[in-house]
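To be precise, the following lines are input_22.cif, and they hold mmCIF, C-alpha atoms.
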```
data_protein
#
loop_
_atom_site.label_atom_id
_atom_site.label_comp_id
_atom_site.auth_asym_id
_atom_site.auth_seq_id
_atom_site.Cartn_x
_atom_site.Cartn_y
_atom_site.Cartn_z
CA MET C 687 116.04 169.21 88.74
CA GLU C 688 112.33 169.74 89.42
CA LEU C 689 111.29 172.13 92.20
CA ARG C 690 109.88 169.26 94.28
CA ASP C 691 113.16 167.34 94.02
CA GLU C 692 115.11 170.45 95.03
CA VAL C 693 112.90 171.01 98.11
CA ARG C 694 113.32 167.37 99.07
CA SER C 695 117.10 167.72 98.71
CA GLN C 696 117.05 170.82 100.94
CA PHE C 697 115.02 168.92 103.53
CA GLU C 698 117.54 166.08 103.59
CA ARG C 699 120.46 168.50 104.01
CA SER C 700 118.77 170.27 106.93
CA HIS C 701 117.79 166.94 108.53
CA LYS C 702 121.41 165.77 108.37
CA LEU C 703 122.68 169.08 109.79
CA ALA C 704 120.12 168.98 112.60
CA LYS C 705 121.37 165.57 113.71
CA LYS C 706 124.99 166.69 113.46
CA TYR C 707 124.41 169.83 115.54
CA TYR C 708 122.45 167.95 118.17
CA ASP C 709 125.15 165.31 118.54
CA SER C 710 127.77 168.03 119.08
CA GLY C 711 125.64 169.77 121.72
CA LYS C 712 124.69 172.75 119.54
CA THR C 713 120.99 172.60 120.31
CA ALA C 714 120.27 176.15 119.13
CA LYS C 715 121.62 175.39 115.67
CA ALA C 716 119.88 172.01 115.71
CA ARG C 717 116.59 173.76 116.46
CA VAL C 718 117.04 176.09 113.48
CA GLU C 719 117.57 173.13 111.15
CA TYR C 720 114.58 171.24 112.56
CA LEU C 721 112.46 174.32 111.89
CA LYS C 722 113.79 174.37 108.35
CA CYS C 723 112.82 170.70 108.02
CA SER C 724 109.30 171.59 109.08
CA GLY C 725 109.14 174.39 106.51
CA PHE C 726 110.50 172.23 103.68
CA LEU C 727 107.94 169.51 104.40
CA LYS C 728 105.17 172.10 104.36
CA HIS C 729 106.43 173.32 100.98
CA LEU C 730 106.60 169.71 99.73
CA ALA C 731 102.97 169.28 100.79
CA GLU C 732 102.01 172.28 98.64
CA LEU C 733 103.81 170.74 95.66
CA SER C 734 102.40 167.23 96.16
CA PRO C 735 99.15 165.55 95.09
CA PRO C 736 96.22 165.98 97.51
CA GLU C 737 96.48 162.41 98.83
CA ARG C 738 100.06 163.04 100.03
CA ARG C 739 99.57 166.44 101.65
CA GLY C 740 98.06 165.31 104.94
CA LYS C 741 100.94 162.96 105.78
CA LEU C 742 103.58 165.56 104.83
CA LEU C 743 101.88 168.26 106.90
CA GLU C 744 101.69 165.91 109.88
CA ARG C 745 105.41 165.22 109.59
CA SER C 746 106.04 168.95 109.31
CA LYS C 747 104.20 169.36 112.60
CA LYS C 748 106.34 166.65 114.24
CA PHE C 749 109.56 168.44 113.28
CA ARG C 750 108.22 171.71 114.70
CA GLU C 751 107.39 169.90 117.95
CA ILE C 752 110.99 168.66 118.14
CA ALA C 753 112.25 172.21 117.55
CA ASP C 754 109.95 173.63 120.23
CA GLY C 755 111.02 170.91 122.64
CA LEU C 756 114.68 171.77 122.09
CA GLN C 757 113.94 175.41 122.85
CA ASP C 758 112.29 174.85 126.23
CA GLY C 759 114.34 171.77 127.17
CA SER C 760 111.29 169.50 127.47
CA VAL C 761 112.45 167.15 124.71
CA LYS C 762 115.66 165.21 124.20
CA VAL C 763 116.27 163.95 120.69
CA TYR C 764 118.34 160.94 119.73
CA THR C 765 120.32 161.15 116.49
CA SER C 766 117.47 159.49 114.64
CA GLY C 767 114.93 161.94 116.04
CA ILE C 768 113.55 159.40 118.52
CA LEU C 769 112.46 160.22 122.06
CA PRO C 770 114.35 158.16 124.70
CA PRO C 771 112.39 156.05 127.20
CA GLU C 772 111.94 157.00 130.81
CA PRO C 773 114.37 155.17 133.15
CA THR C 774 111.63 153.77 135.43
CA GLU C 775 109.30 152.42 132.74
CA THR C 776 107.24 149.24 133.18
CA LYS C 777 107.00 146.50 130.52
CA ARG C 778 103.70 147.91 129.32
CA GLU C 779 105.14 151.42 129.14
CA ARG C 780 108.21 150.06 127.35
CA ALA C 781 106.03 148.35 124.73
CA SER C 782 104.08 151.57 124.28
CA ASP C 783 107.32 153.51 123.83
CA GLU C 784 108.48 151.01 121.22
CA ASP C 785 105.25 151.56 119.28
CA LYS C 786 105.76 155.32 119.48
CA THR C 787 109.37 154.96 118.43
CA ARG C 788 108.37 152.84 115.43
CA ASP C 789 105.75 155.44 114.48
CA ARG C 790 108.34 158.21 114.80
CA VAL C 791 110.78 156.31 112.59
CA LYS C 792 108.05 155.83 110.01
CA GLU C 793 107.21 159.52 110.09
CA LEU C 794 110.76 160.81 109.78
CA ILE C 795 111.97 158.44 107.04
CA MET C 796 111.36 159.85 103.58
CA VAL C 797 109.10 157.23 101.99
CA GLU C 798 107.60 157.77 98.57
CA LYS C 799 106.86 156.15 95.24
CA PRO C 800 109.46 157.38 92.74
CA LYS C 801 108.45 158.59 89.29
CA ILE C 802 111.69 157.66 87.57
CA ARG C 803 111.56 154.47 85.50
CA PHE C 804 114.19 152.29 83.84
CA LYS C 805 113.47 153.97 80.50
CA ASP C 806 114.60 157.26 82.05
CA ILE C 807 118.05 155.84 82.81
CA ALA C 808 120.53 155.71 79.96
CA GLY C 809 122.18 152.38 79.09
CA LEU C 810 122.78 149.58 81.63
CA ASP C 811 120.27 147.28 79.89
CA GLU C 812 121.84 144.06 81.22
CA VAL C 813 121.95 145.48 84.75
CA LYS C 814 118.30 146.53 84.53
CA GLU C 815 117.29 143.02 83.48
CA ARG C 816 119.17 141.47 86.41
CA ILE C 817 117.41 143.83 88.80
CA LYS C 818 114.04 143.00 87.24
CA GLU C 819 114.59 139.27 87.75
CA ALA C 820 115.66 139.69 91.38
CA ILE C 821 113.47 142.57 92.53
CA VAL C 822 110.72 143.55 90.10
CA TYR C 823 109.35 140.30 88.68
CA PRO C 824 108.85 138.57 92.09
CA PHE C 825 106.53 141.43 93.05
CA ILE C 826 104.64 141.50 89.74
CA TYR C 827 104.45 137.76 89.00
CA PRO C 828 104.45 135.95 92.38
CA GLU C 829 102.29 133.08 91.05
CA GLU C 830 104.76 132.36 88.25
CA TYR C 831 107.64 132.14 90.71
CA LYS C 832 105.56 129.83 92.90
CA TYR C 833 104.61 127.63 89.93
CA PHE C 834 108.23 127.12 88.85
CA GLY C 835 109.44 126.64 92.40
CA VAL C 836 111.74 129.65 92.29
CA SER C 837 112.04 131.41 95.62
CA PRO C 838 112.02 135.20 95.30
CA GLY C 839 114.24 137.19 97.55
CA GLY C 840 117.83 137.82 98.27
CA GLY C 841 119.03 141.36 97.91
CA ILE C 842 121.17 143.01 95.27
CA LEU C 843 124.38 144.87 96.05
CA LEU C 844 125.04 147.56 93.45
CA TYR C 845 128.68 148.59 93.35
CA GLY C 846 130.84 150.72 91.15
CA PRO C 847 132.30 154.20 90.70
CA PRO C 848 130.59 157.18 92.34
CA GLY C 849 127.97 159.10 90.39
CA CYS C 850 127.06 156.32 87.95
CA GLY C 851 123.39 155.87 88.81
CA LYS C 852 123.19 153.30 91.61
CA THR C 853 120.59 155.25 93.60
CA MET C 854 118.57 156.06 90.47
CA LEU C 855 118.47 152.37 89.54
CA ALA C 856 117.19 151.46 92.99
CA ALA C 857 114.47 154.13 92.85
CA ALA C 858 113.47 153.03 89.34
CA ALA C 859 113.20 149.41 90.54
CA ALA C 860 110.67 150.54 93.16
CA ALA C 861 108.70 152.46 90.52
CA GLU C 862 108.69 149.49 88.13
CA CYS C 863 106.95 147.27 90.69
CA ASP C 864 104.79 150.04 92.24
CA ALA C 865 106.54 149.76 95.61
CA VAL C 866 107.38 152.47 98.12
CA PHE C 867 111.04 153.42 98.15
CA ILE C 868 112.73 153.72 101.55
CA ASN C 869 116.06 155.42 100.94
CA LEU C 870 118.33 155.02 103.98
CA LYS C 871 121.66 156.68 104.60
CA ILE C 872 124.11 155.92 107.39
CA SER C 873 122.97 159.07 109.24
CA ASP C 874 119.42 157.65 109.39
CA ILE C 875 120.58 154.51 111.19
CA LYS C 876 123.62 155.14 113.36
CA ASP C 877 123.08 156.57 116.81
CA LYS C 878 125.64 157.62 119.40
CA TYR C 879 123.69 155.80 122.13
CA VAL C 880 124.64 152.15 122.61
CA GLY C 881 121.97 149.78 121.30
CA GLU C 882 119.91 152.46 119.54
CA SER C 883 121.40 151.83 116.08
CA GLU C 884 120.35 148.19 116.28
CA LYS C 885 116.84 149.26 117.32
CA ASN C 886 116.69 151.63 114.37
CA ILE C 887 117.60 148.82 111.97
CA LYS C 888 114.90 146.58 113.42
CA GLN C 889 112.29 149.32 113.30
CA VAL C 890 113.12 150.23 109.70
CA PHE C 891 112.46 146.64 108.61
CA GLU C 892 109.23 146.63 110.61
CA VAL C 893 108.16 149.86 108.91
CA SER C 894 108.84 148.31 105.50
CA ARG C 895 106.54 145.38 106.34
CA SER C 896 103.67 147.77 107.00
CA TYR C 897 103.47 148.57 103.29
CA GLU C 898 101.95 146.33 100.63
CA ARG C 899 105.23 146.54 98.70
CA ALA C 900 108.46 148.16 99.81
CA ILE C 901 112.05 148.34 98.65
CA LEU C 902 114.63 149.13 101.31
CA PHE C 903 117.67 150.85 99.87
CA PHE C 904 120.82 151.14 101.97
CA ASP C 905 123.15 153.74 100.47
CA GLU C 906 126.86 153.53 101.32
CA ILE C 907 126.29 150.14 102.93
CA ASP C 908 130.03 149.78 103.60
CA ALA C 909 129.83 152.57 106.20
CA MET C 910 127.22 150.61 108.16
CA ALA C 911 128.11 147.00 107.39
CA GLY C 912 131.84 146.94 106.98
CA GLU C 913 133.87 143.75 107.41
CA ARG C 914 133.64 142.58 111.03
CA SER C 915 136.97 142.20 112.77
CA SER C 916 138.49 142.06 116.21
CA SER C 917 139.52 145.70 115.80
CA GLN C 918 135.89 146.82 115.55
CA GLN C 919 134.12 148.07 118.62
CA GLY C 920 131.45 145.78 120.01
CA HIS C 921 128.51 148.00 119.03
CA GLU C 922 129.76 148.15 115.41
CA ARG C 923 129.82 144.35 115.17
CA SER C 924 126.42 144.26 116.85
CA LEU C 925 124.98 146.60 114.19
CA VAL C 926 126.16 144.30 111.39
CA ASN C 927 124.74 141.28 113.25
CA GLU C 928 121.34 142.98 113.57
CA LEU C 929 121.27 143.77 109.86
CA LEU C 930 122.09 140.13 109.08
CA ALA C 931 119.34 138.93 111.43
CA GLN C 932 116.74 141.20 109.83
CA MET C 933 117.64 140.07 106.32
CA ASP C 934 117.46 136.44 107.43
CA ALA C 935 114.03 137.14 108.95
CA LEU C 936 112.77 138.26 105.54
CA GLU C 937 113.83 134.91 104.11
CA SER C 938 112.23 132.85 106.87
CA LYS C 939 108.75 134.29 106.50
CA GLY C 940 106.25 131.75 105.18
CA SER C 941 103.97 134.35 103.61
CA PRO C 942 104.78 136.14 100.34
CA ARG C 943 107.49 138.76 100.80
CA ASN C 944 106.47 142.38 100.67
CA SER C 945 109.92 143.84 101.37
CA LEU C 946 113.03 143.49 99.25
CA VAL C 947 116.47 144.93 99.84
CA LEU C 948 118.90 146.83 97.64
CA ALA C 949 122.18 148.38 98.69
CA ALA C 950 124.89 150.45 97.03
CA THR C 951 128.55 151.05 97.69
CA ASN C 952 131.62 152.58 96.10
CA GLN C 953 133.77 150.24 98.21
CA PRO C 954 132.46 146.68 97.75
CA TRP C 955 135.66 145.17 99.15
CA SER C 956 134.74 146.69 102.53
CA VAL C 957 131.28 145.10 102.82
CA ASP C 958 131.08 142.21 105.29
CA LEU C 959 131.37 138.86 103.53
CA ALA C 960 128.41 137.47 105.50
CA LEU C 961 126.16 140.00 103.78
CA ARG C 962 127.29 138.82 100.37
CA ARG C 963 126.28 135.19 100.81
CA SER C 964 123.19 133.52 99.35
CA GLY C 965 119.91 134.67 100.88
CA ARG C 966 121.21 138.10 101.75
CA PHE C 967 122.83 140.00 98.92
CA ASP C 968 122.83 137.07 96.48
CA SER C 969 123.90 139.22 93.55
CA SER C 970 126.65 141.80 93.39
CA VAL C 971 126.08 143.88 90.27
CA PHE C 972 128.78 146.15 88.87
CA ILE C 973 127.50 149.56 87.69
CA PRO C 974 130.16 150.96 85.33
CA ASN C 975 130.68 154.46 84.05
CA PRO C 976 128.48 155.04 80.96
CA ASP C 977 129.61 153.94 77.50
CA ALA C 978 129.34 156.17 74.41
CA ARG C 979 125.69 155.27 73.71
CA ALA C 980 124.71 155.87 77.32
CA ARG C 981 126.61 159.18 77.45
CA LYS C 982 124.75 160.42 74.40
CA LYS C 983 121.45 159.39 76.00
CA ILE C 984 122.36 161.23 79.23
CA PHE C 985 122.99 164.40 77.22
CA GLU C 986 119.63 163.92 75.44
CA LEU C 987 117.76 163.51 78.72
CA SER C 988 119.57 166.40 80.42
CA LEU C 989 119.13 168.84 77.53
CA LYS C 990 115.62 168.02 76.27
CA GLU C 991 114.05 170.97 78.14
CA ARG C 992 116.91 173.43 77.46
CA PRO C 993 117.48 175.84 74.55
CA VAL C 994 120.42 174.12 72.79
CA ASP C 995 121.93 175.42 69.58
CA LYS C 996 121.23 173.18 66.59
CA ALA C 997 124.95 173.08 65.82
CA VAL C 998 125.65 171.15 69.04
CA LYS C 999 126.40 167.51 68.21
CA LEU C 1000 125.59 165.08 71.01
CA GLU C 1001 127.87 162.43 69.51
CA LYS C 1002 130.81 164.82 69.84
CA LEU C 1003 129.88 165.64 73.44
CA ALA C 1004 129.70 161.93 74.19
CA ASP C 1005 133.21 161.45 72.75
CA MET C 1006 134.54 164.41 74.74
CA THR C 1007 133.23 162.96 78.01
CA LYS C 1008 134.63 159.45 77.67
CA GLY C 1009 135.44 158.14 81.15
CA TYR C 1010 133.08 160.52 82.95
CA ALA C 1011 130.43 159.47 85.47
CA SER C 1012 126.74 159.96 84.70
CA ALA C 1013 126.37 162.61 87.42
CA GLU C 1014 129.39 164.48 86.07
CA ILE C 1015 127.80 164.67 82.60
CA VAL C 1016 124.61 166.08 84.12
CA GLU C 1017 126.74 168.66 85.94
CA ILE C 1018 128.46 169.59 82.66
CA CYS C 1019 125.03 170.31 81.14
CA ASP C 1020 124.20 172.55 84.11
CA ARG C 1021 127.53 174.37 83.84
CA ALA C 1022 127.10 174.92 80.11
CA ALA C 1023 123.57 176.32 80.60
CA LYS C 1024 124.76 178.75 83.26
CA ILE C 1025 127.20 180.48 80.88
CA PRO C 1026 124.54 182.18 78.67
CA LEU C 1027 122.35 182.60 81.76
CA ARG C 1028 125.06 184.66 83.49
CA GLU C 1029 125.59 186.72 80.32
CA ARG C 1030 121.88 187.48 80.27
CA LEU C 1031 121.54 188.37 83.96
CA ARG C 1032 124.87 190.05 84.71
CA GLU C 1033 125.75 191.69 81.39
CA HIS C 1034 122.18 192.11 80.09
CA LYS C 1035 123.13 190.51 76.79
CA LYS C 1036 120.56 189.23 74.35
CA ARG C 1037 119.12 185.84 75.24
CA ARG C 1038 120.84 183.05 73.29
CA THR C 1039 120.95 179.27 73.06
CA ILE C 1040 123.57 177.03 74.68
CA SER C 1041 126.43 176.69 72.19
CA THR C 1042 129.16 174.17 71.45
CA GLY C 1043 131.63 176.65 72.97
CA ASP C 1044 129.71 176.59 76.23
CA PHE C 1045 130.04 172.81 76.41
CA ASP C 1046 133.74 173.01 75.55
CA GLN C 1047 134.27 175.41 78.45
CA ALA C 1048 132.19 173.33 80.85
CA ILE C 1049 134.13 170.16 80.02
CA ARG C 1050 137.48 171.95 80.39
CA GLU C 1051 136.47 173.14 83.86
CA LYS C 1052 135.06 169.80 85.02
CA SER C 1053 137.50 166.93 85.42
CA THR C 1054 136.36 163.44 86.35
CA VAL C 1055 137.17 161.73 89.66
CA LEU C 1056 136.96 158.25 88.20
CA PRO C 1057 140.67 157.67 87.33
CA ALA C 1058 141.57 157.97 91.02
CA TRP C 1059 138.65 155.70 91.99
CA TYR C 1060 139.58 152.95 89.54
CA ALA C 1061 143.22 153.10 90.64
CA ARG C 1062 142.23 152.70 94.27
CA ALA C 1063 139.73 149.94 93.47
CA LEU C 1064 142.38 147.88 91.67
CA LYS C 1065 144.82 148.35 94.52
CA GLU C 1066 142.29 147.33 97.18
CA ILE C 1067 141.02 144.27 95.33
CA GLN C 1068 144.43 143.00 94.26
CA SER C 1069 145.63 143.19 97.87
CA SER C 1070 142.69 141.06 99.02
CA ASP C 1071 141.70 137.44 98.41
CA GLU C 1072 138.55 138.39 96.51
CA THR C 1073 139.70 139.05 92.94
CA ASP C 1074 137.28 136.39 91.61
CA MET C 1075 134.34 138.25 93.15
CA PHE C 1076 135.05 141.50 91.32
CA LEU C 1077 136.08 140.40 87.85
CA ASP C 1078 133.75 142.90 86.15
CA LEU C 1079 135.29 145.77 88.10
CA ILE C 1080 138.84 144.59 87.41
CA LYS C 1081 138.13 144.31 83.68
CA ALA C 1082 136.56 147.78 83.58
CA ALA C 1083 139.48 149.27 85.52
CA LYS C 1084 142.06 147.81 83.14
CA GLU C 1085 140.12 149.06 80.11
CA TYR C 1086 139.32 152.46 81.59
CA THR C 1087 140.61 155.39 79.54
CA PRO C 1088 139.25 158.91 80.07
CA SER C 1089 139.03 161.31 77.13
CA ASP C 1090 142.22 163.13 76.16
CA LYS C 1091 141.64 166.64 77.48
CA ARG C 1092 144.61 167.99 75.50
CA GLN C 1093 142.17 168.44 72.60
CA PHE C 1094 141.10 171.67 74.29
CA GLU C 1095 144.61 173.14 74.61
#
```
How does this structure look as structure tokens?
Amino acid sequence: MELRDEVRSQFERSHKLAKKYYDSGKTAKARVEYLKCSGFLKHLAELSPPERRGKLLERSKKFREIADGLQDGSVKVYTSGILPPEPTETKRERASDEDKTRDRVKELIMVEKPKIRFKDIAGLDEVKERIKEAIVYPFIYPEEYKYFGVSPGGGILLYGPPGCGKTMLAAAAAAECDAVFINLKISDIKDKYVGESEKNIKQVFEVSRSYERAILFFDEIDAMAGERSSSQQGHERSLVNELLAQMDALESKGSPRNSLVLAATNQPWSVDLALRRSGRFDSSVFIPNPDARARKKIFELSLKERPVDKAVKLEKLADMTKGYASAEIVEICDRAAKIPLRERLREHKKRRTISTGDFDQAIREKSTVLPAWYARALKEIQSSDETDMFLDLIKAAKEYTPSDKRQFE
């Protein structure tokens, strides 16, 4: 992981903790995390191109202002980092506050143009092509779509086992069409105050329209847009309704669309059916665990900058990790690299390359979570009335066989 990616990851962790602490009334701890957010953004500015630094430094300043406000009690922060309106506001003041709120949302959402491309993601060629047709090509070739009378739009729901590249595919889609990537998690949207979550959804879509091209990516969409039922609380159903309304609004625009929507879930059976109809998430695309060719490619990509012994055979490693998720294979590479690193730092041994034995040990110590996921997925789908909607998943689950780890005993 590059230093810039690591700093960004640290920022996101602190941002999430800050919201959690504030919600539980621990303002002192929340303030510490908001200060960390400010520092991480400042560090990101130092690591970023000159044209990005000003915006990152301005956002760093905003987080420090929130922290200072928490210290002296002059600021109250909603979960999303938004200042609440005054109770006696006029219509003009209310409109002004909405503009400020929208600006604050825009400032606090991590928006950037990813560098990762489809060529950097191993395998999934058919999936990539489906994403190109639905997301990338409408942006790049709008006149061709207009000429053939094909309406661009409709989102894509990426579903499948955890750690198999759904978020990376979404980011790569944004890079392929030179669009900004707005990566949203449930913590960025949901607010403990009634009505605020719906406002956040609306404002996020408005923010996306302010860019020439934008891809909105909703991670863990099931946590925000689960199946509506009488057992749900009113505000939960209202949140799903607002998301539906905003997606419909994208379709009803007469001008060319500048915002497209992607979402990902490990629990597709839990996503509201209304979101999966035409015009919203038209396509549900199954993202499986990597096959042998893809696993070999993941090892190649993960090890290309590391000192690997020439005796290490990537084909063998690919066979040994059958049934593993992409992220788990990347973790195995990290674990294997840390073995000679520890020897060097702790025992002051001579520097050496990463050996086959290191990979054997890393694989022995790292089991995959996918067998349990596939078992649960089959159970959930077979107990529902939607087996026809998830045929790809059902087929993959029935064919799923992880590598026999007894080979190491």
Selection in question (the file shown): the PyMOL selection byres ((chain C and resi 724) around 10). Which residues does it include, as a tab-separated table (two decimals) with C-alpha atoms, in the coordinates of the input?
```tsv
chain	number	residue	atom	x	y	z
C	697	PHE	CA	115.02	168.92	103.53
C	700	SER	CA	118.77	170.27	106.93
C	701	HIS	CA	117.79	166.94	108.53
C	718	VAL	CA	117.04	176.09	113.48
C	719	GLU	CA	117.57	173.13	111.15
C	720	TYR	CA	114.58	171.24	112.56
C	721	LEU	CA	112.46	174.32	111.89
C	722	LYS	CA	113.79	174.37	108.35
C	723	CYS	CA	112.82	170.70	108.02
C	725	GLY	CA	109.14	174.39	106.51
C	726	PHE	CA	110.50	172.23	103.68
C	727	LEU	CA	107.94	169.51	104.40
C	728	LYS	CA	105.17	172.10	104.36
C	729	HIS	CA	106.43	173.32	100.98
C	730	LEU	CA	106.60	169.71	99.73
C	742	LEU	CA	103.58	165.56	104.83
C	743	LEU	CA	101.88	168.26	106.90
C	744	GLU	CA	101.69	165.91	109.88
C	745	ARG	CA	105.41	165.22	109.59
C	746	SER	CA	106.04	168.95	109.31
C	747	LYS	CA	104.20	169.36	112.60
C	748	LYS	CA	106.34	166.65	114.24
C	749	PHE	CA	109.56	168.44	113.28
C	750	ARG	CA	108.22	171.71	114.70
C	751	GLU	CA	107.39	169.90	117.95
C	752	ILE	CA	110.99	168.66	118.14
C	753	ALA	CA	112.25	172.21	117.55
```
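Using only C-alpha atoms, the smallest distance between any of C:Ile901, C:Leu987, C:Leu843, C:Val890 and Ala858 in chain C comes from C:Ile901.
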message: For a test of reading the model, state the distance in Å between CA of Asp1078 in chain C and CA of Phe972 in chain C, rounded to one decimal.
response: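 It comes out at 6.5 Å.
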- request: List the neighbours of Leu946 in chain C out to 7 Å using all atoms listed in the file; skip same-chain residues closer than 5 positions along the sequence, and give me the result as a list of chain:residue names.
  value: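 Here the answer would be C:Ile821, C:Gly839, C:Gly841, C:Ala900, C:Ile901, C:Leu902.
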task: Between CA of Lys715 in chain C and CA of Leu703 in chain C, measure the distance and give it in Å to one decimal.
output: 8.7 Å
message: Just the number, please: distance in Å from CA of Arg1028 in chain C to CA of Asp995 in chain C, one decimal.
response: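 Calculated distance between CA of Arg1028 in chain C and CA of Asp995 in chain C is 17.0 Å.
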- request: Would you mind telling me which residue in C:Asp1044, C:Asp977, C:Glu732, C:Glu815 lies nearest to Pro1088 in chain C when using all atoms listed in the file?
  value: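 Selected residue with least distance to Pro1088 in chain C: C:Asp977.
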task: Determine, counting only C-alpha atoms, which protein, DNA and RNA residues have an atom within 12 Å of an atom of Thr1073 in chain C; residues of the same chain fewer than 5 positions away are not included. Present the result as number ranges by chain.
output: C: 954-955, 1063-1068, 1078-1081
field: Minimum-distance residue to Lys799 in chain C, chosen among C:Gln1047, C:Ser1053, C:Asn975, C:Asn869 (using all atoms listed in the file)
entry: C:Asn869
message: My list of candidates is C:Glu862, C:Arg1021, C:Glu1072, C:Glu898. Which is closest to Arg962 in chain C when distances are computed with only C-alpha atoms?
response: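 Using only C-alpha atoms, Arg962 in chain C sits closest to C:Glu1072.
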- prompt: Quick one: which residues end up in the PyMOL selection byres ((chain C and resi 1042) around 10) for this structure, as a PyMOL selection string?
  reply: chain C and resi 994-1000+1002-1003+1022+1039-1041+1043-1048
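Take the candidates C:Leu733, C:Met1006, C:Ala714, C:Leu925 and check each one against Thr1054 in chain C using all atoms listed in the file; the shortest distance goes to C:Met1006.
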field: Residue IDs satisfying the PyMOL selection byres ((chain C and resi 845-855) around 8), as a VMD selection string
entry: chain C and resid 802 804 807 814 843 to 844 856 to 859 905 950 to 954 970 to 976 1011 to 1014 1056 1059 to 1060 1079
Kindly compute an axis-aligned box around the listed atoms of range 1004-1019 of chain C, allowing 8 Å on each side, and express its centre and edge lengths in Å to one decimal as JSON.
```
{"center_x": 130.0, "center_y": 164.2, "center_z": 80.1, "size_x": 26.8, "size_y": 28.2, "size_z": 30.7}
```
